[in-house]
Amino acid sequence: MGITILPEKKEDGNEKGLAIKTGLSILIAAVLYHLIVGGFCLFTNAPVNKVKVEDCSVQTTVIRTDGAVEKSRSMIFHPISKDEKVIIDFVAPHTDFINPSLYFCLYNTGVRVTCDNEEIYNSSIEDLKPGRNFGNRYFCIPLPYDSEGKDIKVEIAQNSYRLLYRVDEMYVISGNDLGNMILEGKHFYMITFVSLFVMSVLMLLFFLVRTVATGKLQNGSLISLFSMLISLWYLGNSRILYLLTLNTTFCSTIEYHTLLLAPVPLSIMVYLEIQKKSFKMIDRMFTIIYTVFYFVAFIIDHSRLDYCYSDIMPFFHVLLIAGIISFAMQLFVERGEGGEKAEKQPLHVGLVVGMLVTVFEVFRIYTADNLSLLIGNDISIYSLAPIAILILVFSFMYYTIMRATRAHVKRIEKEQLEILAYRDQLTGIPNRTSVYKDIEAMNEKDIIEYTMFFVDVNGLKQVNDNYGHEAGDLLIKTAAKAVSTAFNDPENGFCGRWGGDEFVACVFGSTEKANEKEQVFHETFEELKAKEDVPFVMEAAIGKVRCTKALRVDPIQAIDLADQSMYKKKVQMKKERNTDLKR
């Protein structure tokens, strides 16, 4: 028997090559996507009919908590804080707009609008629960059709300690241009994040089905959930959801809750990826903290406590930065080797970029107002959050794809190795090792009623000597195909090549079932013989032994007994052949 030495598998090189190919494929797909979407955006950006309120004879009045009143002709004023009020008076411009509307965005405020002292809108703090004033609140307030030249008064009451020092983006627009106003300069992000949200929902459903089917939490479901939440946050934060609902409170609620929930699946995903127990303990702690923090914020939101979005955010930002720094360090320490290292590199990049941008965003949020006052430019509009989110999400998705691809390749390799280990290379049917494995399974199931068969090809040596080994191989393959056709039934038995020209088969259950399969063997062998035009005799002897409760026999012993029965059959067939020759 020859021994085949397989070349050593260069696993690291193969997996690195796989990582590079997958990464390039995703990069090319991303570039094509950006070109297509970018081209689409060029043709969908429409001009917006708008007039800036700051150009409409504005007078700004600030009423302090101590009763002091400050007036100016600018919409930039000394910063106000909680319980202070700003009143902006202006003359409605002369326009030919259809359905003129007053459009602006503010944080944590109650707003009351009048036209010639007649109230046309009111969401004052007194009438609105404090918790509902959180987040980016976008207002599109219809003005009377005859408002041109009339006095418009906007009263803004601050509901948090967040600094308010200017109302820069207040416009009179055509109500028909609301969509273009919201999407101005955001078509690319709108299409991208809507696509990401839809894809995340579909992926989440897919991985949830797999989780139920396998009984094991799929990492892909966590990444999909994170992508879905963070996409919803951006769509709420950027007013795009407002286009669908025209409900300011709903958009603010979505923005608030999705942002606070997003770190939970992220921390669980890292927990599942990390192997070190000490790191797992840290990730478990972060998961618990993020979950508890969300529920506390949820309770506060539905209570009468005097807290709002901006009051909660400082605590959230500290926890978020701490978590991202911890996750990035853990994944860097456990970066693995070879293919695993190649898989995790994009994830490291995404987390590092996410960490840096998060720190930048937090710095910008808490310093933008003061810096804007110093430099005279509103730097609060310069946010890198959308870009950071896309880098983070796509690095997670890349990692998921790479991980799934690597697992698929390993599964295929495992199946191929099993084929090599348990399949006979000449005939393709199970080999002797596989038969031993089936016998072990048979003993574990305590199967005691069965029929063991032993098949032997007649005259193989003579065929090899006289007609060559190819002819002998044909004889073995013919017998193997007949054995496989008749006895290859994993639910009711097994079969395999025992060695050389010998085959073993076992049929569980009744004698009738065994006899039926034996008959199929004989019929199949005869059919195969008829198809082969060979100058030699194709013949096989088969012996069997019946094992029952009354006659319990070990399967290995049963093979020996079936072999003896086959030998008697072979001798009988030889005598019959000699008798026919004498005639």
# chains A, B, ... in the order shown; residues from 1 in each chain; ligands from 1
>>> residues_around(residues="Ile324 in chain A", least_positions_apart="2", cutoff="10 Å", atoms="only C-alpha atoms", output="list of chain:residue names")
A:Pro263, A:Leu266, A:Ser267, A:Leu319, A:Leu320, A:Ile321, A:Ala322, A:Ser326, A:Phe327, A:Ala328, A:Met329, A:Gln330, A:Leu351, A:Val352, A:Gly354, A:Met355, A:Leu356, A:Thr358, A:Val359
>>> residues_around(residues="Asp501 in chain A", least_positions_apart="2", cutoff="9 Å", atoms="only C-alpha atoms", output="number ranges by chain")
A: 455-458, 460, 475-476, 479, 497-499, 503
>>> residues_around(residues="range 69-81 of chain A", least_positions_apart="5", cutoff="6 Å", atoms="only C-alpha atoms", output="list in words")
Val58, Gln59, Thr60, Thr61, Val62, Ile63, Tyr161, Leu163, Leu164, Tyr165, Arg166 and Val167 of chain A
>>> write_last_selection(atoms="all heavy atoms", output="CSV table (one decimal), in the first residue's frame")
chain,number,residue,atom,x,y,z
A,58,VAL,N,-35.0,92.5,10.9
A,58,VAL,CA,-35.1,91.7,12.1
A,58,VAL,C,-34.8,92.6,13.4
A,58,VAL,O,-33.9,93.4,13.4
A,58,VAL,CB,-34.1,90.5,12.1
A,58,VAL,CG1,-34.1,89.8,13.4
A,58,VAL,CG2,-34.6,89.6,11.0
A,59,GLN,N,-35.5,92.3,14.4
A,59,GLN,CA,-35.2,92.8,15.8
A,59,GLN,C,-35.3,91.7,16.7
A,59,GLN,O,-36.3,91.0,16.8
A,59,GLN,CB,-36.1,93.9,16.2
A,59,GLN,CG,-35.8,94.4,17.6
A,59,GLN,CD,-36.6,95.6,18.0
A,59,GLN,OE1,-36.4,96.7,17.5
A,59,GLN,NE2,-37.4,95.5,19.0
A,60,THR,N,-34.2,91.5,17.5
A,60,THR,CA,-34.1,90.4,18.4
A,60,THR,C,-34.1,90.9,19.8
A,60,THR,O,-33.4,91.9,20.2
A,60,THR,CB,-32.8,89.6,18.2
A,60,THR,OG1,-32.7,89.1,16.9
A,60,THR,CG2,-32.7,88.4,19.2
A,61,THR,N,-35.0,90.3,20.7
A,61,THR,CA,-35.1,90.7,22.1
A,61,THR,C,-34.8,89.5,22.9
A,61,THR,O,-35.4,88.4,22.7
A,61,THR,CB,-36.5,91.2,22.4
A,61,THR,OG1,-36.8,92.3,21.5
A,61,THR,CG2,-36.6,91.7,23.8
A,62,VAL,N,-33.9,89.7,23.9
A,62,VAL,CA,-33.5,88.6,24.8
A,62,VAL,C,-34.1,89.0,26.2
A,62,VAL,O,-33.8,90.1,26.7
A,62,VAL,CB,-32.0,88.4,24.9
A,62,VAL,CG1,-31.7,87.3,25.9
A,62,VAL,CG2,-31.5,88.0,23.5
A,63,ILE,N,-34.8,88.1,26.8
A,63,ILE,CA,-35.4,88.4,28.2
A,63,ILE,C,-34.7,87.4,29.1
A,63,ILE,O,-34.8,86.2,29.0
A,63,ILE,CB,-36.9,88.1,28.2
A,63,ILE,CG1,-37.6,89.0,27.2
A,63,ILE,CG2,-37.5,88.4,29.6
A,63,ILE,CD1,-39.1,88.8,27.1
A,161,TYR,N,-29.6,73.6,29.5
A,161,TYR,CA,-28.5,74.4,29.7
A,161,TYR,C,-27.6,74.5,28.5
A,161,TYR,O,-26.5,75.1,28.6
A,161,TYR,CB,-27.7,73.9,30.9
A,161,TYR,CG,-28.5,74.1,32.2
A,161,TYR,CD1,-29.1,73.0,32.8
A,161,TYR,CD2,-28.6,75.3,32.8
A,161,TYR,CE1,-29.8,73.1,33.9
A,161,TYR,CE2,-29.4,75.4,34.0
A,161,TYR,CZ,-30.0,74.3,34.5
A,161,TYR,OH,-30.7,74.5,35.7
A,163,LEU,N,-26.0,76.0,25.3
A,163,LEU,CA,-25.8,77.4,24.9
A,163,LEU,C,-26.6,77.7,23.6
A,163,LEU,O,-26.5,76.9,22.6
A,163,LEU,CB,-24.3,77.6,24.7
A,163,LEU,CG,-23.9,79.1,24.6
A,163,LEU,CD1,-24.2,79.8,25.9
A,163,LEU,CD2,-22.4,79.1,24.3
A,164,LEU,N,-27.3,78.8,23.6
A,164,LEU,CA,-28.0,79.3,22.4
A,164,LEU,C,-27.6,80.7,22.3
A,164,LEU,O,-27.8,81.5,23.1
A,164,LEU,CB,-29.5,79.1,22.6
A,164,LEU,CG,-30.3,79.7,21.4
A,164,LEU,CD1,-30.0,78.9,20.1
A,164,LEU,CD2,-31.8,79.7,21.7
A,165,TYR,N,-26.9,81.0,21.1
A,165,TYR,CA,-26.4,82.4,20.9
A,165,TYR,C,-26.8,82.9,19.6
A,165,TYR,O,-26.5,84.1,19.3
A,165,TYR,CB,-24.9,82.4,21.1
A,165,TYR,CG,-24.2,81.7,20.0
A,165,TYR,CD1,-23.7,82.4,18.9
A,165,TYR,CD2,-24.1,80.3,20.0
A,165,TYR,CE1,-23.0,81.7,17.9
A,165,TYR,CE2,-23.4,79.6,19.0
A,165,TYR,CZ,-22.9,80.4,17.9
A,165,TYR,OH,-22.3,79.7,16.9
A,166,ARG,N,-27.4,82.1,18.7
A,166,ARG,CA,-27.8,82.6,17.4
A,166,ARG,C,-28.9,81.7,16.8
A,166,ARG,O,-29.0,80.6,17.1
A,166,ARG,CB,-26.6,82.6,16.4
A,166,ARG,CG,-26.1,81.2,16.1
A,166,ARG,CD,-24.7,81.3,15.3
A,166,ARG,NE,-24.8,82.0,14.1
A,166,ARG,CZ,-23.8,82.5,13.4
A,166,ARG,NH1,-22.6,82.3,14.0
A,166,ARG,NH2,-23.9,83.1,12.3
A,167,VAL,N,-29.7,82.3,15.9
A,167,VAL,CA,-30.6,81.6,15.1
A,167,VAL,C,-30.3,81.9,13.7
A,167,VAL,O,-30.7,82.9,13.1
A,167,VAL,CB,-32.1,82.0,15.5
A,167,VAL,CG1,-33.0,81.1,14.6
A,167,VAL,CG2,-32.4,81.8,17.0
>>> atom_distance(atom1="CA of Lys549 in chain A", atom2="CA of Asp563 in chain A")
21.3 Å
>>> residues_around(residues="Glu440 in chain A", least_positions_apart="4", cutoff="12 Å", atoms="only C-alpha atoms", output="ChimeraX atom specification")
/A:433-436,444-447,494,554-556
>>> closest_residue(among="A:Glu518, A:Glu54, A:Asp116, A:Glu334", to="His348 in chain A", atoms="only C-alpha atoms")
A:Glu334
>>> residues_around(residues="Phe197 in chain A", least_positions_apart="2", cutoff="10 Å", atoms="only C-alpha atoms", output="PyMOL selection string")
chain A and resi 191-195+199-203+224-225+227-232+235
